[in-house]
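Engineer: Pasting a structure below so you can have a look.
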Amino acid sequence: MSLLKNLFGKKEDKIKSNEDFWIWFRKNEKDFFNVVKTSGDFEKDFFDKLSPKLAELKDGYFFLTGMINNNTAELVLTADGNIKNIVFVEELVAAAPNIDGWTITALKSPLAIENVNISMGNYEFNRENLNFYYTVHPNLPDEIDLTIVHDDLNQQNANAITNGVYIFLDNYLGELNFATTIDRLNIVGKEQHEKELIPIEKLKDFLIWREKEFIEKYDGIIHSTENDSYNMLEAELENGNPLIAVVNTGLLSWEDKASHPWILNVEIRFSPDGNGLPNKDEYDQLNKLEDEILMLLKDTDGYLNIGRETANGTREIFFACKEFRKPSKIMPQFIKKYAGSFQISYEIYRDKYWQSFNRFMGN
């Protein structure tokens, strides 16, 4: 038996925690450093080894690497702009030990405008051919609605130019800022712009100013749902099945919605009866699951339960949140806990004025 072990080698333990990952990385960091330092076979000798280890920890990690100087390599761990994974990247990097010769960075950092020159196919993306303007909506005063103008955009190349602009902004603003500070983004050509153009190098200062205003305006605002009233709304779907919603309609009229700009939408699929609704046992279990989420996402901590909607074998639960990190962390726990009973998925997105829920407000 010992001979077989020697012949085939010891199987590596599966990565189960951030600490496990960094223990493994330290064992291999010298080989990885040499690959980066000598511009070796990145795919074979670095990426193909790192990717499966990160995947053992969690899906959704991406990474970049390169030399900062002659003696220091950098590993950038990124969520590729996926809001739900940002907190996991941040926590993984926060758990990293000090490793000589390495700098470990969470998320792509912002770059100076002179260092951002993206080439894609026949198109360039830089401060020479990009400008912007913003649109003010009187009914949505805190909304950041940007239009980026690229000199070469036309009907034929709109998709390619749009992709390039997104990559430019991701590098120029940095991954976190790009993912969290812009509410609406339009991309047009120079013949389509409607307002006076602003040089793209002023975009960072504009966003910093708007975010500072926003934070000062809503800092410390909380809302207690203890005395709120929930109304039951019913509708008939095209297939004849009922849709039943229980909604905090008073909260939907709250004037400080923008203080909780992140929406958590939890979708739970169950085995429906003939009308698309849960049976008694499933109904009780769905309510138990919802109560558990409510215990973790409390209104006094900045998580407001807007309500729920049930139809066609699906229940959706809606929260408006001050931030996105805690919801991102707790939802995988529920997916794992109830995997044998329900199929659960969730989305987190930015909607400062809760326009997603206008359908509950009638005319």
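Residues in the structure tokens are numbered from 1 in each chain, the chains being A, B, ... in the order shown, and ligands are numbered from 1 in the order shown.
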Fewer than 4 positions away in the same chain doesn't count, so skip those; otherwise give me all residues within 10 Å of A:Leu130, counting only C-alpha atoms, as a count of residues only.
Structural biologist: 17
Engineer: Determine, counting only C-alpha atoms, which protein, DNA and RNA residues have an atom within 8 Å of an atom of A:Glu19; residues of the same chain fewer than 3 positions away are not included. Present the result as a PDB file with N, CA, C and O atoms, in the first residue's frame.
Structural biologist:
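Below you can see around_26.pdb, which holds the result:
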```pdb
ATOM      1  N   TRP A  22      -4.689  30.080   1.078  1.00  0.00           N
ATOM      2  CA  TRP A  22      -3.405  30.762   1.199  1.00  0.00           C
ATOM      3  C   TRP A  22      -2.296  29.821   1.659  1.00  0.00           C
ATOM      4  O   TRP A  22      -1.118  30.020   1.289  1.00  0.00           O
ATOM      5  N   ILE A  23      -2.644  28.797   2.419  1.00  0.00           N
ATOM      6  CA  ILE A  23      -1.643  27.774   2.751  1.00  0.00           C
ATOM      7  C   ILE A  23      -1.167  27.098   1.469  1.00  0.00           C
ATOM      8  O   ILE A  23       0.042  26.890   1.267  1.00  0.00           O
ATOM      9  N   ALA A  95      -7.640  37.980   4.082  1.00  0.00           N
ATOM     10  CA  ALA A  95      -7.080  36.841   4.812  1.00  0.00           C
ATOM     11  C   ALA A  95      -5.689  36.460   4.334  1.00  0.00           C
ATOM     12  O   ALA A  95      -5.047  35.578   4.918  1.00  0.00           O
ATOM     13  N   ALA A  96      -5.187  37.121   3.293  1.00  0.00           N
ATOM     14  CA  ALA A  96      -3.888  36.754   2.725  1.00  0.00           C
ATOM     15  C   ALA A  96      -2.755  37.087   3.696  1.00  0.00           C
ATOM     16  O   ALA A  96      -2.732  38.175   4.281  1.00  0.00           O
TER      17      ALA A  96
END
```
Engineer: Just checking: using only C-alpha atoms, which residue out of A:Ala160, A:Leu203, A:Leu50, A:Ile208 ends up closest to A:Ile187?
Structural biologist: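 Answer, going by the shortest atom-to-atom distance: A:Ala160.
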Engineer: Quick one: which stretch 213-274 of chain A residues come within 7 Å of stretch 321-325 of chain A, and what is the nearest atom pair for each with the distance in Å to one decimal, counting only C-alpha atoms, rows ordered by chain and ascending number, as a Markdown table?
Structural biologist:
```
| residue | atom | partner | partner_atom | distance |
| --- | --- | --- | --- | --- |
| A:Ser259 | CA | A:Lys322 | CA | 6.4 |
| A:His260 | CA | A:Lys322 | CA | 4.2 |
| A:Pro261 | CA | A:Lys322 | CA | 6.1 |
| A:Trp262 | CA | A:Cys321 | CA | 4.9 |
| A:Ile263 | CA | A:Cys321 | CA | 6.0 |
```
Engineer: Would you work out the distance separating atom CA of A:Glu347 from atom CA of A:Asn265, expressed in Å to one decimal?
Structural biologist: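 The value is 5.2 Å.
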Engineer: Leaving out stretch 101-113 of chain A and any residue of its chain fewer than 2 positions from it, which residues lie within 10 Å of it when counting only C-alpha atoms, given as an NGL selection string?
Structural biologist: :A and (29-30 or 33 or 62-65 or 67-81 or 86-94 or 96-99 or 115-117 or 126-127 or 168-178 or 200-202 or 204)
Engineer: In Å to one decimal, how far is atom CA of A:Lys84 from atom CA of A:Ile167?
Structural biologist: 19.4 Å
Engineer: Record the distance separating atom CA of A:Leu264 and atom CA of A:Ala320, expressed in Å with one decimal.
Structural biologist: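 Interatomic distance here is 6.4 Å.
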Engineer: Do a neighbour search on stretch 154-157 of chain A at 10 Å with only C-alpha atoms, toss out local chain neighbours closer than 5 positions, and write the hits as number ranges by chain.
Structural biologist: A: 123, 162, 188-192
Engineer: As number ranges by chain, please: every residue in stretch 130-303 of chain A that DSSP puts in strand (DSSP E).
Structural biologist: A: 130-137, 140-150, 184-189, 198-199, 231-236, 242-247, 262-269, 303
Engineer: Keeping only N, CA and C atoms, write those residues as a short mmCIF file (atom, residue, chain, number, x, y, z; two decimals), in the first residue's frame.
Structural biologist:
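The resulting result.cif:
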```
data_model
loop_
_atom_site.label_atom_id
_atom_site.label_comp_id
_atom_site.auth_asym_id
_atom_site.auth_seq_id
_atom_site.Cartn_x
_atom_site.Cartn_y
_atom_site.Cartn_z
N LEU A 130 -13.04 59.83 -26.12
CA LEU A 130 -14.15 59.61 -25.19
C LEU A 130 -14.48 60.88 -24.42
N ASN A 131 -15.75 61.20 -24.33
CA ASN A 131 -16.26 62.30 -23.51
C ASN A 131 -17.53 61.80 -22.82
N PHE A 132 -18.11 62.65 -22.00
CA PHE A 132 -19.36 62.26 -21.34
C PHE A 132 -20.22 63.48 -21.06
N TYR A 133 -21.47 63.24 -20.77
CA TYR A 133 -22.35 64.25 -20.17
C TYR A 133 -23.32 63.53 -19.25
N TYR A 134 -24.02 64.27 -18.42
CA TYR A 134 -24.96 63.64 -17.47
C TYR A 134 -26.33 64.28 -17.62
N THR A 135 -27.34 63.51 -17.23
CA THR A 135 -28.73 63.96 -17.32
C THR A 135 -29.31 64.05 -15.92
N VAL A 136 -29.96 65.17 -15.62
CA VAL A 136 -30.60 65.36 -14.32
C VAL A 136 -32.09 65.06 -14.47
N HIS A 137 -32.63 64.23 -13.57
CA HIS A 137 -34.06 63.91 -13.55
C HIS A 137 -34.66 64.56 -12.31
N LEU A 140 -35.94 62.27 -9.79
CA LEU A 140 -34.95 61.30 -9.30
C LEU A 140 -33.63 62.05 -9.10
N PRO A 141 -33.59 62.97 -8.15
CA PRO A 141 -32.45 63.90 -8.06
C PRO A 141 -31.11 63.25 -7.76
N ASP A 142 -31.11 62.07 -7.15
CA ASP A 142 -29.85 61.43 -6.79
C ASP A 142 -29.37 60.41 -7.82
N GLU A 143 -30.16 60.23 -8.86
CA GLU A 143 -29.80 59.26 -9.89
C GLU A 143 -28.60 59.78 -10.69
N ILE A 144 -27.61 58.93 -10.90
CA ILE A 144 -26.46 59.27 -11.73
C ILE A 144 -26.67 58.63 -13.09
N ASP A 145 -27.09 59.44 -14.03
CA ASP A 145 -27.43 59.02 -15.39
C ASP A 145 -26.36 59.58 -16.33
N LEU A 146 -25.48 58.71 -16.80
CA LEU A 146 -24.35 59.12 -17.63
C LEU A 146 -24.53 58.68 -19.08
N THR A 147 -24.05 59.51 -19.97
CA THR A 147 -23.93 59.13 -21.37
C THR A 147 -22.47 59.30 -21.78
N ILE A 148 -21.86 58.21 -22.23
CA ILE A 148 -20.49 58.24 -22.73
C ILE A 148 -20.54 58.38 -24.24
N VAL A 149 -19.74 59.29 -24.76
CA VAL A 149 -19.71 59.55 -26.20
C VAL A 149 -18.37 59.09 -26.76
N HIS A 150 -18.43 58.13 -27.70
CA HIS A 150 -17.23 57.67 -28.40
C HIS A 150 -17.28 58.19 -29.83
N ARG A 184 -27.37 54.73 -14.34
CA ARG A 184 -27.73 54.49 -15.74
C ARG A 184 -26.54 54.84 -16.61
N LEU A 185 -26.32 54.03 -17.64
CA LEU A 185 -25.20 54.28 -18.53
C LEU A 185 -25.63 54.08 -19.97
N ASN A 186 -25.48 55.14 -20.76
CA ASN A 186 -25.77 55.08 -22.19
C ASN A 186 -24.48 55.35 -22.96
N ILE A 187 -24.35 54.74 -24.12
CA ILE A 187 -23.16 54.94 -24.94
C ILE A 187 -23.62 55.31 -26.35
N VAL A 188 -23.15 56.46 -26.84
CA VAL A 188 -23.59 56.96 -28.13
C VAL A 188 -22.38 57.45 -28.93
N GLY A 189 -22.64 57.78 -30.21
CA GLY A 189 -21.61 58.36 -31.06
C GLY A 189 -21.64 59.88 -31.00
N ILE A 198 -18.19 66.76 -21.80
CA ILE A 198 -17.22 66.95 -20.72
C ILE A 198 -16.08 65.96 -20.96
N PRO A 199 -14.83 66.36 -20.87
CA PRO A 199 -13.71 65.42 -21.07
C PRO A 199 -13.79 64.24 -20.12
N ASN A 231 -50.23 45.21 2.62
CA ASN A 231 -51.47 44.96 1.91
C ASN A 231 -51.33 43.75 1.00
N MET A 232 -52.41 42.99 0.90
CA MET A 232 -52.42 41.85 -0.01
C MET A 232 -52.99 42.29 -1.36
N LEU A 233 -52.27 41.98 -2.41
CA LEU A 233 -52.70 42.33 -3.76
C LEU A 233 -52.86 41.04 -4.55
N GLU A 234 -53.90 40.96 -5.35
CA GLU A 234 -54.14 39.77 -6.16
C GLU A 234 -54.33 40.17 -7.62
N ALA A 235 -53.84 39.30 -8.50
CA ALA A 235 -54.00 39.51 -9.94
C ALA A 235 -54.12 38.16 -10.62
N GLU A 236 -54.62 38.17 -11.85
CA GLU A 236 -54.73 36.93 -12.62
C GLU A 236 -53.74 36.99 -13.78
N PRO A 242 -53.44 32.51 -10.31
CA PRO A 242 -53.43 33.74 -9.50
C PRO A 242 -51.99 34.18 -9.18
N LEU A 243 -51.82 35.46 -9.01
CA LEU A 243 -50.59 36.03 -8.46
C LEU A 243 -50.98 36.72 -7.17
N ILE A 244 -50.33 36.34 -6.08
CA ILE A 244 -50.65 36.90 -4.77
C ILE A 244 -49.40 37.61 -4.23
N ALA A 245 -49.56 38.88 -3.93
CA ALA A 245 -48.45 39.67 -3.39
C ALA A 245 -48.84 40.25 -2.04
N VAL A 246 -47.88 40.25 -1.12
CA VAL A 246 -48.04 40.93 0.16
C VAL A 246 -46.98 42.02 0.21
N VAL A 247 -47.41 43.28 0.20
CA VAL A 247 -46.50 44.39 -0.05
C VAL A 247 -46.66 45.48 1.01
N TRP A 262 -29.87 49.48 -2.77
CA TRP A 262 -29.61 48.14 -3.29
C TRP A 262 -30.82 47.25 -3.08
N ILE A 263 -31.20 46.53 -4.12
CA ILE A 263 -32.35 45.62 -4.04
C ILE A 263 -31.86 44.18 -4.01
N LEU A 264 -32.34 43.44 -3.02
CA LEU A 264 -32.14 41.99 -2.96
C LEU A 264 -33.43 41.32 -3.37
N ASN A 265 -33.37 40.53 -4.42
CA ASN A 265 -34.52 39.79 -4.92
C ASN A 265 -34.24 38.30 -4.78
N VAL A 266 -34.91 37.65 -3.84
CA VAL A 266 -34.72 36.23 -3.59
C VAL A 266 -35.82 35.45 -4.30
N GLU A 267 -35.44 34.49 -5.13
CA GLU A 267 -36.41 33.69 -5.87
C GLU A 267 -36.35 32.24 -5.39
N ILE A 268 -37.51 31.72 -4.96
CA ILE A 268 -37.59 30.36 -4.42
C ILE A 268 -38.59 29.58 -5.26
N ARG A 269 -38.12 28.51 -5.87
CA ARG A 269 -39.00 27.68 -6.69
C ARG A 269 -39.47 26.48 -5.87
N TYR A 303 -31.90 47.04 6.27
CA TYR A 303 -32.46 46.10 5.31
C TYR A 303 -33.98 46.08 5.46
#
```
Engineer: List every residue of stretch 172-267 of chain A that DSSP, applied to the backbone, labels as helix (DSSP H, G or I), and write the result as a ChimeraX atom specification.
Structural biologist: /A:172-173,175-180,200-218,251-253,257-259
Engineer: Excluding stretch 213-222 of chain A and residues on its chain fewer than 4 positions from it, collect all residues at most 8 Å away from it, counting only C-alpha atoms, and give them as a list in words.
Structural biologist: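 My reading of the contact set: Asp142, Trp209, Asp256, Ala258, Ser259, Asp299, Thr300, Asp301 and Gly302 of chain A.
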Engineer: Restrict the selected residues to N, CA and C atoms and save them as a CSV table (one decimal), in the first residue's frame.
Structural biologist:
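So the final result, stored in out-v1.csv, reads:
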```
chain,number,residue,atom,x,y,z
A,142,ASP,N,-31.1,62.1,-7.1
A,142,ASP,CA,-29.8,61.4,-6.8
A,142,ASP,C,-29.4,60.4,-7.8
A,209,TRP,N,-17.7,63.7,-6.3
A,209,TRP,CA,-18.5,64.8,-5.9
A,209,TRP,C,-20.0,64.3,-5.6
A,256,ASP,N,-37.5,58.8,1.4
A,256,ASP,CA,-36.0,58.6,1.5
A,256,ASP,C,-35.6,57.2,0.9
A,258,ALA,N,-33.9,56.4,-1.6
A,258,ALA,CA,-32.5,56.4,-2.1
A,258,ALA,C,-31.5,56.1,-1.1
A,259,SER,N,-31.9,56.2,0.2
A,259,SER,CA,-31.0,55.9,1.3
A,259,SER,C,-30.7,54.4,1.3
A,299,ASP,N,-34.4,45.7,9.8
A,299,ASP,CA,-34.6,47.0,9.3
A,299,ASP,C,-33.7,48.0,10.0
A,300,THR,N,-33.4,47.8,11.3
A,300,THR,CA,-32.6,48.8,12.0
A,300,THR,C,-31.1,48.7,11.6
A,301,ASP,N,-30.8,47.6,10.9
A,301,ASP,CA,-29.4,47.5,10.3
A,301,ASP,C,-29.3,48.0,8.9
A,302,GLY,N,-30.5,48.4,8.3
A,302,GLY,CA,-30.5,48.9,7.0
A,302,GLY,C,-31.0,48.0,5.9
```
Engineer: So, with only C-alpha atoms as the atoms that count, which of A:Ile83, A:Ile335, A:Ile161, A:Leu304 lies closest to A:Ser119?
Structural biologist: A:Ile161
Engineer: Which residues are near A:Gln333? Cut-off 12 Å, only C-alpha atoms, ignore same chain within fewer than 2 positions. Put them as a list of chain:residue names.
Structural biologist: A:Leu289, A:Glu292, A:Ile293, A:Leu296, A:Lys326, A:Pro327, A:Ser328, A:Lys329, A:Ile330, A:Met331, A:Ile335, A:Lys336, A:Lys337, A:Tyr338, A:Ala339, A:Ile344, A:Ser345, A:Tyr346
